[in-house]
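Q: Pasting a structure here, questions to come.
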Amino acid sequence: MTVESTAARTPRSAGSGSKRAAKTVSAKKDSAPGRGTPRGKSTARGKGGAAGSGEPELVQLLTPEGVRVENAAYDSYVADLTPDDLRALYRDMVITRRFDAEAVTLQRQGELGLWPSLLGQEAAQVGSGRATRESDHVFPTYREHGVAWCKGVDPTLLLGMFRGVNNGGWDPNTNGFQLYTIVIGSQTLHATGYAMGVAYDGADSAVVAYLGDGATSQGDVAEAFTFSAVYNAPVVFFCQNNQWAISEPTEKQSRVPLYQRAQGYGFPGVRVDGNDVLACLAVTKWALERARAGEGPALIEAFTYRMGAHTTSDDPTRYRRDEEREAWEAKDPIKRLRAFLESEGHADEGFFAELEAESETLGKRVRDVVRTMPDPDAMSIFENVYADGHALVDEERAEFAAYEASFADEPVNAATGGEAK
Amino acid sequence: MTVESTAARTPRSAGSGSKRAAKTVSAKKDSAPGRGTPRGKSTARGKGGAAGSGEPELVQLLTPEGVRVENAAYDSYVADLTPDDLRALYRDMVITRRFDAEAVTLQRQGELGLWPSLLGQEAAQVGSGRATRESDHVFPTYREHGVAWCKGVDPTLLLGMFRGVNNGGWDPNTNGFQLYTIVIGSQTLHATGYAMGVAYDGADSAVVAYLGDGATSQGDVAEAFTFSAVYNAPVVFFCQNNQWAISEPTEKQSRVPLYQRAQGYGFPGVRVDGNDVLACLAVTKWALERARAGEGPALIEAFTYRMGAHTTSDDPTRYRRDEEREAWEAKDPIKRLRAFLESEGHADEGFFAELEAESETLGKRVRDVVRTMPDPDAMSIFENVYADGHALVDEERAEFAAYEASFADEPVNAATGGEAK
Amino acid sequence: MTVKKLPLAKAINESLRTALDADPKVVVMGEDVGKLGGVFRVTDGLQKDFGENRVIDTPLAESGIVGTAIGLALRGYRPVVEIQFDGFVFPAYDQIVTQLAKMHARALGKIKVPVVIRIPYGGGIGAVEHHSESPEALFAHVAGLKVVSPSNSSDAYWMLQQAIQSDDPVIFFEPKRRYWDKGEVNTDAIPGPLHTARTVREGTDATLVAYGPMVKTCLEAAAAAADEGRSLEVLDLRSVSPIDFDSVQASVERTGRLIVVHEAPVFFGSGAEIAARITERCFYHLEAPVLRVGGFHSPYPPARVEEDYLPGLDRVLDAVDRSLAY
Amino acid sequence: MTVKKLPLAKAINESLRTALDADPKVVVMGEDVGKLGGVFRVTDGLQKDFGENRVIDTPLAESGIVGTAIGLALRGYRPVVEIQFDGFVFPAYDQIVTQLAKMHARALGKIKVPVVIRIPYGGGIGAVEHHSESPEALFAHVAGLKVVSPSNSSDAYWMLQQAIQSDDPVIFFEPKRRYWDKGEVNTDAIPGPLHTARTVREGTDATLVAYGPMVKTCLEAAAAAADEGRSLEVLDLRSVSPIDFDSVQASVERTGRLIVVHEAPVFFGSGAEIAARITERCFYHLEAPVLRVGGFHSPYPPARVEEDYLPGLDRVLDAVDRSLAY
Ligand SMILES: Cc1ncc(C[n+]2csc(CCOP(=O)(O)OP(=O)(O)O)c2C)c(N)n1
Ligand SMILES: Cc1ncc(C[n+]2csc(CCOP(=O)(O)OP(=O)(O)O)c2C)c(N)n1
Ligand SMILES: [Mg+2]
Ligand SMILES: [Mg+2]
């Protein structure tokens with residue numbers, strides 16, 4: 001097993017030391033009014049500020065400058081993080097970004113057909129991904145490369161579908177990480193059904209369904225909210241509001257903040273700073289604990305930003321201004337944690353240099369693997385269409401094989417096609 | 001034109017006299033805390049009580065005993081109702097119920113294939129229906145017989161589709177009352193699109209989309225909420241929560257009161273006593289005025305009860321207790337208004353007797369019309385499939401005509417089918 | 001040997017009961033399937049005996065029902081979904097076509113989604129719009145799905161057993177107007193394969209192929225034709241995807257004539273596929289073109305004209321006449 | 001006379017512009033059609049010129065898009081809806097099949113729903129899953145819909161004009177891999193009827209029928225066959241519902257052989273319907289069974305094998321060989 005995938009499997013949720021590393025600087029001890037404790041069902045509802053009154057508050061534990069701020073409701077969820085844990089989170093984000101950049105480059109070089117970059121969303125993905133336990137099951141969109149990393153999926157496996165050699169190249173059962181889903185919103189229902197099954201099984205685990213801001217408009221997502229609420233299914237809807245659905249800003253999907261959607265379905269919604277890995281970790285842990293404890297679903301809106309294009313096919317200059325991107329650069333999730341690590345003395349130059357080298361190694365491995373990824377055999381078209389077989393597929397497979405063979409055996413045999421006549 | 005359909009066209013919204021008839025007995029003048037005025041966007045939101053704290057409050061202007069209670073927020077919407085207006089509302093409900101009962105009987109006699117009774121929902125339908133102006137457009141489900149009445153649709157036209165002679169027998173453009181829609185929730189999107197068009201046209205009218213409690217689970221309804229909010233479309237979603245979707249109680253659709261759904265989409269939701277015709281009238285007028293004034297959509301949950309079976313094919317004894325029905329009988333919408341009319345001296349025995357006679361006349365007319373309703377011609381199968389024609393339909397029509405003709409001309413002609421060979 | 005005479009609907013009920021009993025992973029879900037026992041009483045009594053977690057009354061949302069069934073399947077369950085009527089499957093169509101049908105292939109075989117979707121279908125019961133349609137072609141065209149339809153109680157029982165045991169998604173079309181037709185069910189039998197056709201009447205002059213509700217109609221037509229001295233073979237196709245072309249071919253090689261009968265519109269219907277493929281396989285055997293008898297290219301009509309729309313004995317025999325006229 | 005040489009995508013853009021200009025009731029709506037101008041730039045510049053109320057960026061919800069388009073049509077508008085890719089039409093399928101297709105008939109002709117649904121379809125562009133499908137059969141089977149697909153810039157321009165002017169719902173399939181192919185467009189021409197086929201190459205030995213992206217492939221096949229001394233006639237069907245069977249029949253009566261080519265899976269595809277009906281009409285003219293060349297019964301494969309999946313020149317010529325071998 002490679003260095004990075006071994007490391008990716010290290011469980012992060014159990015505090016590995018007693019030294020509490022995520023010290024806060026703010027001194028205010030009382031929880032902000034109206035925010036309450038996240039555990040109570042009714043108090044949690046509507047947390048994040050009143051509707052319609054400008055930008056709602058978002059849960060933040062690290063300021064953009066990397067200053068740890070206190071939050072009575074969520075501090076406990078990161079209280080046991082050791083410096084090791086913090087560095088590991090940092091490493092996850094750096095490696096994820098490096099991998100993503102490599103994929104973008106590979107697309108430019110023609111090795112991939114397409115790539116949906118997660119640039120800017122590392123904290124949302126690593127924070128939420130690291131909040132899951134191994135037994136928790138994840139249903140991603142097509143952009144959750146960072147979550148895949150956290151769940152221990154070999155990143156090179158993610159590239160197959162974007163290279164066009166398969167439609168999903170990993171085993172969803174191995175890491176509890178389902179295949180990417182392209183049809184927007186579909187996976188939220190699968191996650192809900194899976195979570196219903198978890199509840200029927202009486203299992204002590206939960207499910208995370210990822211979705212985008214645009215996805216909140218799909219009927220399937222609303223139905224997932226309804227089903228999960230009615231069956232009290234242990235599912236967390238983790239919405240990365242990266243402000244854009246291709247060219248459409250979030251205002252084209254909703255006129256109120258997205259986290260408020262949950263309330264009308266009877267479960268809590270929380271907006272979290274999606275560029276703050278600690279806040280994402282804490283809020284997701286809270287939601288997963290609730291779910292495992294039988295308190296049902298929750299919606300987390302991670303307020304973040306898609307720093308790059310929608311995919312490598314997209315040209316964002318057609319619909320958004322550079323200044324917007326620049327403003328978000330100041331909130332970069334990686335810089336933020338680095339500032340904190342440095343100011344707390346949790347990481348030295350050696351750590352960063354080593355991580356840089358590790359990233360480069362990963363980049364190289366990704367390049368090598370992709371470039372030698374074999375094209376599928378034409379006959380694979382007929383494989384796995386059915387689990388139990390299908391007469392027509394068998395017939396077409398045989399016909400196609402005969403047709404292909406007709407080219408091999410020059411001079412061309414008149415009896416091509418191989419059909420029963 | 002028949003007596004009842006003439007009367008149904010009388011506009012009710014303009015107060016026809018100066019005498020304010022809907023006097024209140026309660027003396028409390030201050031609006032209930034937390035309910036505010038219905039006109040303000042943010043204050044209206046969440047009106048109806050806190051989530052999760054037992055039964056939320058509902059807007060009520062007439063108690064089940066027929067006592068007029070004051071409501072600072074909504075009184076103004078019924079302030080100009082004259083005794084004539086009140087009697088007219090009563091008449092609407094009585095006639096609607098009579099018509100409905102007649103249809104149930106006709107189904108039992110085999111004249112109709114099916115009938116979805118509105119028994120118990122007369123106040124919700126007449127109150128909301130009478131709140132509309134002639135230029136307001138209504139998108140019904142399959143149960144809005146009372147709304148159809150208010151919009152001036154000849155009730156006998158409603159019977160065609162349940163007799164099986166057509167799939168919708170009235171012209172939706174004549175009365176601003178669309179055809180019944182059987183696929184649950186679909187019409188909410190049509191209503192939203194129509195309302196978008198109203199807004200683009202700059203017209204001073206609005207749209208009402210009817211839906212049931214069960215319908216709130218459909219993705220289409222959620223998408224209608226999203227589109228109407230995003231485009232600020234002048235549409236009112238009028239949800240008759242009659243407690244049941246065939247055999248499933250509302251808890252199978254939502255774990256919180258349905259009116260709360262609206263808030264997460266950014267528009268107000270109100271729960272109203274659906275058996276109180278005045279409250280339904282007032283709340284719907286409020287919502288329609290908002291919509292016409294460019295304030296966008298609203299959701300009204302009319303809390304009512306389906307007193308009968310889902311349809312004549314249904315047997316509710318399999319899934320609900322008689323006591324439930326009995327409890328709701330005490331809240332009967334017609335008895336309630338009658339008690340008020342009598343206690344206020346707005347109606348005498350003569351009025352009630354005359355109305356009884358009028359209802360009987362309608363019942364008889366309905367029977368007569370239905371029994372003489374002709375079956376469609378077989379060739380009608382090929383009509384109106386396309387507006388501009390379609391070669392295949394023409395071909396099949398000709399073939400079928402030749403086929404049919406082959407029976408008429410005995411001895412059978414060997415060249416049946418009439419196809420080009 | 002346990003042989004019972006059961007109406008088709010009751011045979012399905014028994015089949016579901018058997019499956020629920022045999023495998024704790026089988027769950028039944030849909031609108032009104034629990035307390036009510038379904039609008040056709042097909043699931044009658046099951047929730048009472050197996051509880052609310054095995055026989056699940058769902059919210060009113062077909063995409064949600066199929067989507068969560070997929071999730072349950074991914075968790076190891078074997079959901080049997082009921083769509084209340086044919087016309088209400090369309091909100092779930094996206095989940096069926098883009099997810100259910102493709103997931104096994106998408107995962108290179110690493111996951112299975114053994115979901116059965118039961119759909120009462122077809123007309124002839126005097127219903128209102130959306131309650132009488134035959135959309136099987138819209139599923140047969142989609143790779144990854146299997147599509148079957150029993151015509152009698154025994155097949156209803158056994159084909160449902162096999163559909164539930166299949167690791168593939170199966171769309172199970174139930175001929176609702178035959179729900180009350182009784183037939184013998186041997187619950188100890190060893191059933192034949194799910195996707196093979198069955199010769200239900202032998203004949204020599206022409207072959208009638210049908211499935212679901214039209215099998216009975218074709219048998220009646222064959223009986224009437226016999227009175228006129230014509231010998232019609234009737235095949236019950238049973239499966240619309242895959243189609244047992246071998247059996248159809250074998251019959252057509254004997255009779256030389258084929259008429260395909262279904263309620264669904266003819267245009268782009270099953271008859272087209274059968275005609276195209278059988279003509280290819282039996283080009284030198286066919287004495288006449290394959291003829292199709294089915295619904296017209298119009299929305300299913302109001303109940304009072306459905307008898308004209310639906311293929312009946314006379315229209316089948318008219319096609320037989322036309323075929324024999326070649 | 002205004003003749004321009006335009007890529008197919010640009011011809012559609014011009015056609016939309018013409019329609020928006022000519023009729024204030026025409027609106028264009030869909031995901032990313034406004035500011036971005038569509039993911040294929042087909043609607044480029046339209047929002048800038050006609051405003052946000054005429055060229056509408058919608059929420060990400062296809063059922064909502066089609067459902068509100070229906071409402072707009074009921075209000076007197078003529079919406080032209082864009083579905084971003086073929087594989088994303090399914091969430092809207094219910095609105096299309098149960099509402100859009102049936103409303104005119106349901107209202108006994110008293111309402112019209114002139115909605116055009118534009119769908120870039122087909123493969124060959126190396127895309128990921130759901131971006132390369134050909135679902136036209138799933139619409140052609142549904143009465144109340146018209147289904148067309150242009151193969152070149154001129155047809156793209158004119159057929160879209162006619163689709164928008166039609167009072168019926170039209171599903172307008174755009175061959176996305178031909179978006180960048182240039183062709184002459186005469187914007188002053190008087191176009192022929194929307195639903196007739198066109199002979200794009202005359203020949204005597206066999207007829208090839210295709211539409212949309214496969215017309216070019218068939219023309220290439222015919223050119224290659226000519227080198228081998230075979231004369232193939234190529235028909236551009238243009239319309240999949242209705243199908244211009246008369247033109248196909250006339251050609252087959254001359255050539256005696258027919259091969260239908262489409263990207264969509266063969267099973268229950270257009271080829272089945274054409275084979276069935278033409279065999280019925282030309283039973284005594286056909287020297288060989290109608291053969292079909294199309295997609296296999298499997299989900300559209302990953303990009304790196306799509307060339308094997310898609311019917312190409314060789315597979316078309318193989319079918320010609322097989323046809324001529326009879
Ligand atoms: C049902 C469906 N419609 C359209 C698309 C095309 N599409 C792909 S991504 C996308 C935008 C998604 O936006 P969002 O949900 O915010 O996720 P993000 O891409 O920002 O992560 C669209 C419209 C699709 N994949 N599925
Ligand atoms: C899409 C769809 N699924 C299922 C049905 C079958 N069905 C008809 S009415 C009904 C219940 C509707 O309940 P609700 O929305 O509360 O309206 P109500 O009948 O109580 O007025 C169902 C499930 C349908 N008509 N459409
Ligand atoms: Mg987004
Ligand atoms: Mg109800």
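Ordering of the structure tokens sets the chain letters (A, B, ...), residue numbers begin anew at 1 in every chain, and ligands are numbered from 1 in the order given.
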Quick one: residues within 10 Å of ligand 4, with only C-alpha atoms and all ligand atoms, as a PyMOL selection string?
A: chain B and resi 211-216+239-250+304-306+310
Q: Please dump the current selection as a JSON list (two decimals), in the first residue's frame; keep C-alpha atoms.
A:
```
[["chain", "number", "residue", "atom", "x", "y", "z"],
["B", 211, "LEU", "CA", -52.70, 20.64, -3.39],
["B", 212, "GLY", "CA", -53.26, 18.02, -0.74],
["B", 213, "ASP", "CA", -51.26, 17.13, 2.34],
["B", 214, "GLY", "CA", -49.89, 14.07, 0.59],
["B", 215, "ALA", "CA", -48.79, 16.16, -2.36],
["B", 216, "THR", "CA", -46.33, 18.08, -0.21],
["B", 239, "CYS", "CA", -52.86, 23.07, 0.68],
["B", 240, "GLN", "CA", -55.95, 21.36, 2.04],
["B", 241, "ASN", "CA", -54.56, 19.25, 4.80],
["B", 242, "ASN", "CA", -57.49, 16.89, 5.14],
["B", 243, "GLN", "CA", -55.32, 14.68, 7.37],
["B", 244, "TRP", "CA", -55.19, 11.80, 4.92],
["B", 245, "ALA", "CA", -53.57, 10.81, 1.65],
["B", 246, "ILE", "CA", -55.75, 7.80, 0.91],
["B", 247, "SER", "CA", -54.77, 5.62, 3.91],
["B", 248, "GLU", "CA", -51.75, 7.53, 5.07],
["B", 249, "PRO", "CA", -51.99, 10.13, 7.82],
["B", 250, "THR", "CA", -50.08, 13.39, 7.49],
["B", 304, "THR", "CA", -59.49, 20.37, 7.61],
["B", 305, "TYR", "CA", -60.78, 16.83, 7.34],
["B", 306, "ARG", "CA", -61.81, 14.45, 4.62],
["B", 310, "HIS", "CA", -60.72, 9.01, -0.40]]
```
Q: Could you please select, counting only C-alpha atoms, the residues of chain A within 9 Å of chain D and state them as a PyMOL selection string?
A: chain A and resi 113-114+161-167+182-184+214-220+245-248+252-254+313-316+318-319+375-386+392-393+396-397+403+414-417
Q: If you measure from atom CA of Arg98 of chain B to atom CA of Tyr210 of chain B, what distance in Å do you get, rounded to one decimal?
A: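 So the two atoms, atom CA of Arg98 of chain B and atom CA of Tyr210 of chain B, lie 21.7 Å apart.
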Q: Just checking: using only C-alpha atoms, which residue out of D:Asp86, D:Asp188, D:Asp23, D:Glu202 ends up closest to chain C?
A: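 Residue with the minimum atom-to-atom distance to chain C: D:Asp86.
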Q: Find the residues near Pro213 of chain D: any atom within 8 Å, counting only C-alpha atoms, skip ones fewer than 2 places away on the same chain, and give them as a VMD selection string.
A: chain D and resid 122 151 175 to 178 211 215 to 217
Q: Just to be explicit: take each residue in the selection above, keep N, CA and C atoms, and write the result as an mmCIF file, in the first residue's frame.
A:
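out05.cif, freshly written:
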```cif
data_model
loop_
_atom_site.group_PDB
_atom_site.id
_atom_site.type_symbol
_atom_site.label_atom_id
_atom_site.label_comp_id
_atom_site.auth_asym_id
_atom_site.auth_seq_id
_atom_site.Cartn_x
_atom_site.Cartn_y
_atom_site.Cartn_z
ATOM 1 N N GLY D 122 -26.709 12.302 -28.083
ATOM 2 C CA GLY D 122 -25.777 11.433 -28.789
ATOM 3 C C GLY D 122 -24.357 11.522 -28.266
ATOM 4 N N SER D 151 -29.949 17.188 -39.032
ATOM 5 C CA SER D 151 -28.618 16.617 -39.237
ATOM 6 C C SER D 151 -27.615 17.658 -39.719
ATOM 7 N N PRO D 175 -27.916 17.007 -32.621
ATOM 8 C CA PRO D 175 -26.781 16.080 -32.681
ATOM 9 C C PRO D 175 -25.511 16.771 -32.205
ATOM 10 N N LYS D 176 -25.232 16.647 -30.924
ATOM 11 C CA LYS D 176 -24.200 17.517 -30.334
ATOM 12 C C LYS D 176 -22.825 17.318 -30.960
ATOM 13 N N ARG D 177 -22.549 16.122 -31.457
ATOM 14 C CA ARG D 177 -21.212 15.969 -32.032
ATOM 15 C C ARG D 177 -21.109 16.622 -33.411
ATOM 16 N N ARG D 178 -22.237 17.098 -33.935
ATOM 17 C CA ARG D 178 -22.209 17.833 -35.202
ATOM 18 C C ARG D 178 -22.339 19.342 -34.989
ATOM 19 N N TYR D 211 -30.940 9.634 -39.088
ATOM 20 C CA TYR D 211 -31.346 10.987 -38.705
ATOM 21 C C TYR D 211 -30.288 11.526 -37.746
ATOM 22 N N VAL D 215 -26.599 10.684 -40.067
ATOM 23 C CA VAL D 215 -26.741 10.973 -41.497
ATOM 24 C C VAL D 215 -25.358 11.123 -42.125
ATOM 25 N N LYS D 216 -24.502 11.860 -41.440
ATOM 26 C CA LYS D 216 -23.143 12.040 -41.949
ATOM 27 C C LYS D 216 -22.425 10.693 -42.077
ATOM 28 N N THR D 217 -22.577 9.868 -41.040
ATOM 29 C CA THR D 217 -21.951 8.545 -41.070
ATOM 30 C C THR D 217 -22.451 7.742 -42.262
#
```
Q: Please check the contacts: residues of chain A at most 9 Å away from chain B, using only C-alpha atoms, listed as a ChimeraX atom specification.
A: /A:41-42,45,51-53,217-223,226-227,229-231,251-267
Q: Please dump the current selection as a tab-separated table (two decimals), in the first residue's frame; keep N, CA, C and O atoms.
A:
```tsv
chain	number	residue	atom	x	y	z
A	41	LYS	N	-33.11	19.31	19.82
A	41	LYS	CA	-33.71	19.37	18.49
A	41	LYS	C	-34.28	20.75	18.21
A	41	LYS	O	-33.94	21.37	17.20
A	42	SER	N	-35.13	21.25	19.11
A	42	SER	CA	-35.82	22.48	18.76
A	42	SER	C	-34.90	23.69	18.85
A	42	SER	O	-35.05	24.64	18.09
A	45	ARG	N	-32.68	24.12	15.70
A	45	ARG	CA	-33.39	24.59	14.52
A	45	ARG	C	-33.25	26.10	14.37
A	45	ARG	O	-33.38	26.85	15.32
A	51	ALA	N	-33.88	34.62	9.49
A	51	ALA	CA	-34.05	34.64	8.03
A	51	ALA	C	-34.20	36.07	7.52
A	51	ALA	O	-34.77	36.92	8.17
A	52	GLY	N	-33.67	36.29	6.37
A	52	GLY	CA	-33.92	37.56	5.69
A	52	GLY	C	-33.18	38.74	6.26
A	52	GLY	O	-33.23	39.84	5.72
A	53	SER	N	-32.47	38.55	7.35
A	53	SER	CA	-31.79	39.70	7.95
A	53	SER	C	-30.31	39.70	7.55
A	53	SER	O	-29.43	39.53	8.36
A	217	SER	N	-32.22	22.54	-5.49
A	217	SER	CA	-33.45	22.80	-6.25
A	217	SER	C	-34.10	21.54	-6.78
A	217	SER	O	-35.27	21.57	-7.18
A	218	GLN	N	-33.37	20.45	-6.83
A	218	GLN	CA	-33.91	19.22	-7.41
A	218	GLN	C	-34.96	18.60	-6.49
A	218	GLN	O	-34.75	18.46	-5.28
A	219	GLY	N	-36.04	18.16	-7.10
A	219	GLY	CA	-37.10	17.48	-6.36
A	219	GLY	C	-36.59	16.29	-5.55
A	219	GLY	O	-37.07	16.04	-4.44
A	220	ASP	N	-35.62	15.58	-6.10
A	220	ASP	CA	-35.09	14.41	-5.38
A	220	ASP	C	-34.54	14.80	-4.01
A	220	ASP	O	-34.64	14.03	-3.06
A	221	VAL	N	-33.92	15.95	-3.94
A	221	VAL	CA	-33.33	16.37	-2.67
A	221	VAL	C	-34.44	16.66	-1.67
A	221	VAL	O	-34.37	16.26	-0.50
A	222	ALA	N	-35.49	17.30	-2.13
A	222	ALA	CA	-36.63	17.57	-1.25
A	222	ALA	C	-37.25	16.25	-0.78
A	222	ALA	O	-37.61	16.10	0.40
A	223	GLU	N	-37.33	15.30	-1.67
A	223	GLU	CA	-37.90	14.00	-1.28
A	223	GLU	C	-36.98	13.29	-0.28
A	223	GLU	O	-37.45	12.62	0.64
A	226	THR	N	-37.75	14.76	2.98
A	226	THR	CA	-39.02	14.23	3.51
A	226	THR	C	-38.86	12.81	4.04
A	226	THR	O	-39.25	12.51	5.17
A	227	PHE	N	-38.28	11.95	3.25
A	227	PHE	CA	-38.13	10.55	3.69
A	227	PHE	C	-37.25	10.46	4.94
A	227	PHE	O	-37.56	9.75	5.87
A	229	ALA	N	-36.73	12.62	7.21
A	229	ALA	CA	-37.41	13.15	8.39
A	229	ALA	C	-38.49	12.18	8.87
A	229	ALA	O	-38.58	11.87	10.06
A	230	VAL	N	-39.28	11.68	7.92
A	230	VAL	CA	-40.40	10.81	8.31
A	230	VAL	C	-39.87	9.52	8.95
A	230	VAL	O	-40.43	9.04	9.92
A	231	TYR	N	-38.80	8.97	8.42
A	231	TYR	CA	-38.25	7.73	8.98
A	231	TYR	C	-37.14	7.99	10.00
A	231	TYR	O	-36.52	7.05	10.48
A	251	GLU	N	-28.43	32.61	-5.69
A	251	GLU	CA	-29.73	33.31	-5.71
A	251	GLU	C	-30.66	32.75	-6.77
A	251	GLU	O	-31.88	32.99	-6.71
A	252	LYS	N	-30.13	32.05	-7.75
A	252	LYS	CA	-31.01	31.43	-8.74
A	252	LYS	C	-31.63	30.14	-8.20
A	252	LYS	O	-32.45	29.50	-8.87
A	253	GLN	N	-31.18	29.71	-7.04
A	253	GLN	CA	-31.74	28.47	-6.46
A	253	GLN	C	-32.60	28.75	-5.25
A	253	GLN	O	-33.47	27.95	-4.91
A	254	SER	N	-32.34	29.85	-4.58
A	254	SER	CA	-33.08	30.10	-3.34
A	254	SER	C	-33.00	31.58	-2.99
A	254	SER	O	-31.99	32.21	-3.27
A	255	ARG	N	-34.03	32.09	-2.38
A	255	ARG	CA	-33.91	33.47	-1.95
A	255	ARG	C	-33.62	33.60	-0.46
A	255	ARG	O	-33.55	34.71	0.07
A	256	VAL	N	-33.47	32.50	0.20
A	256	VAL	CA	-33.02	32.52	1.59
A	256	VAL	C	-31.86	31.55	1.74
A	256	VAL	O	-31.68	30.66	0.92
A	257	PRO	N	-31.07	31.74	2.79
A	257	PRO	CA	-29.92	30.85	2.98
A	257	PRO	C	-30.34	29.37	2.97
A	257	PRO	O	-31.38	29.00	3.50
A	258	LEU	N	-29.50	28.57	2.37
A	258	LEU	CA	-29.89	27.19	2.10
A	258	LEU	C	-30.10	26.35	3.36
A	258	LEU	O	-30.95	25.46	3.38
A	259	TYR	N	-29.34	26.63	4.40
A	259	TYR	CA	-29.46	25.79	5.60
A	259	TYR	C	-30.86	25.89	6.20
A	259	TYR	O	-31.32	24.99	6.90
A	260	GLN	N	-31.56	26.99	5.89
A	260	GLN	CA	-32.91	27.16	6.44
A	260	GLN	C	-33.92	26.19	5.85
A	260	GLN	O	-35.00	25.99	6.40
A	261	ARG	N	-33.57	25.61	4.72
A	261	ARG	CA	-34.48	24.65	4.09
A	261	ARG	C	-34.89	23.54	5.05
A	261	ARG	O	-36.03	23.06	5.03
A	262	ALA	N	-33.93	23.13	5.88
A	262	ALA	CA	-34.14	21.96	6.74
A	262	ALA	C	-35.31	22.14	7.70
A	262	ALA	O	-36.09	21.21	7.95
A	263	GLN	N	-35.41	23.33	8.20
A	263	GLN	CA	-36.39	23.61	9.24
A	263	GLN	C	-37.81	23.23	8.83
A	263	GLN	O	-38.57	22.67	9.62
A	264	GLY	N	-38.15	23.53	7.59
A	264	GLY	CA	-39.49	23.25	7.11
A	264	GLY	C	-39.76	21.76	6.95
A	264	GLY	O	-40.91	21.36	6.72
A	265	TYR	N	-38.70	20.97	7.04
A	265	TYR	CA	-38.87	19.52	6.97
A	265	TYR	C	-38.76	18.89	8.36
A	265	TYR	O	-38.86	17.68	8.50
A	266	GLY	N	-38.46	19.74	9.34
A	266	GLY	CA	-38.46	19.22	10.70
A	266	GLY	C	-37.15	18.69	11.21
A	266	GLY	O	-37.10	17.84	12.09
A	267	PHE	N	-36.06	19.20	10.66
A	267	PHE	CA	-34.77	18.83	11.25
A	267	PHE	C	-33.83	20.03	11.19
A	267	PHE	O	-34.09	20.99	10.45
```
Q: Counting only C-alpha atoms, which residues from chain D have an atom at most 9 Å from any atom of chain C, and could you show them as a PyMOL selection string?
A: chain D and resi 87-95+97-98+101-102+105-106+129-130+137-144+265-277+279-283+288-292+296-299
Q: Give the strand (DSSP E) residues of segment 83-325 of chain D, as assigned by DSSP on the backbone, as a PyMOL selection string.
A: chain D and resi 116-121+146-148+170-175+182-186+198-201+206-210+232-236+239-241+258-265+291-295
Q: Could you state the separation of atom CA of Tyr157 of chain C and atom CA of Ala9 of chain C in Å, given to one decimal place?
A: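 Atom CA of Ala9 of chain C lies 9.2 Å from atom CA of Tyr157 of chain C.
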Q: Taking the chain letters and numbering used in this document, name the residues of segment 254-407 of chain A that DSSP puts in helix (DSSP H, G or I), as a ChimeraX atom specification.
A: /A:258-265,277-292,316-318,322-329,333-344,349-371,378-382,391-407
Q: What lies within 12 Å of Leu237 of chain D using only C-alpha atoms, ignoring chain neighbours under 6 positions off, as a VMD selection string?
A: chain D and resid 147 to 151 155 194 to 200 207 to 215 218 243 to 248 260 to 262 270 to 271 274
Q: Give me, please, the distance in Å between atom CA of Glu295 of chain B and atom CA of Tyr200 of chain B, quoted to one decimal.
A: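 About the pair atom CA of Glu295 of chain B and atom CA of Tyr200 of chain B: they are 14.4 Å apart.
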Q: Contacts of Asp136 of chain B at 12 Å or less, counting only C-alpha atoms, minus same-chain residues fewer than 3 places along, as a PyMOL selection string?
A: (chain B and resi 128-133+139+150-151+173-178+191+194-195+198+203-209+234-236+285+288-289+291-292) or (chain D and resi 75)
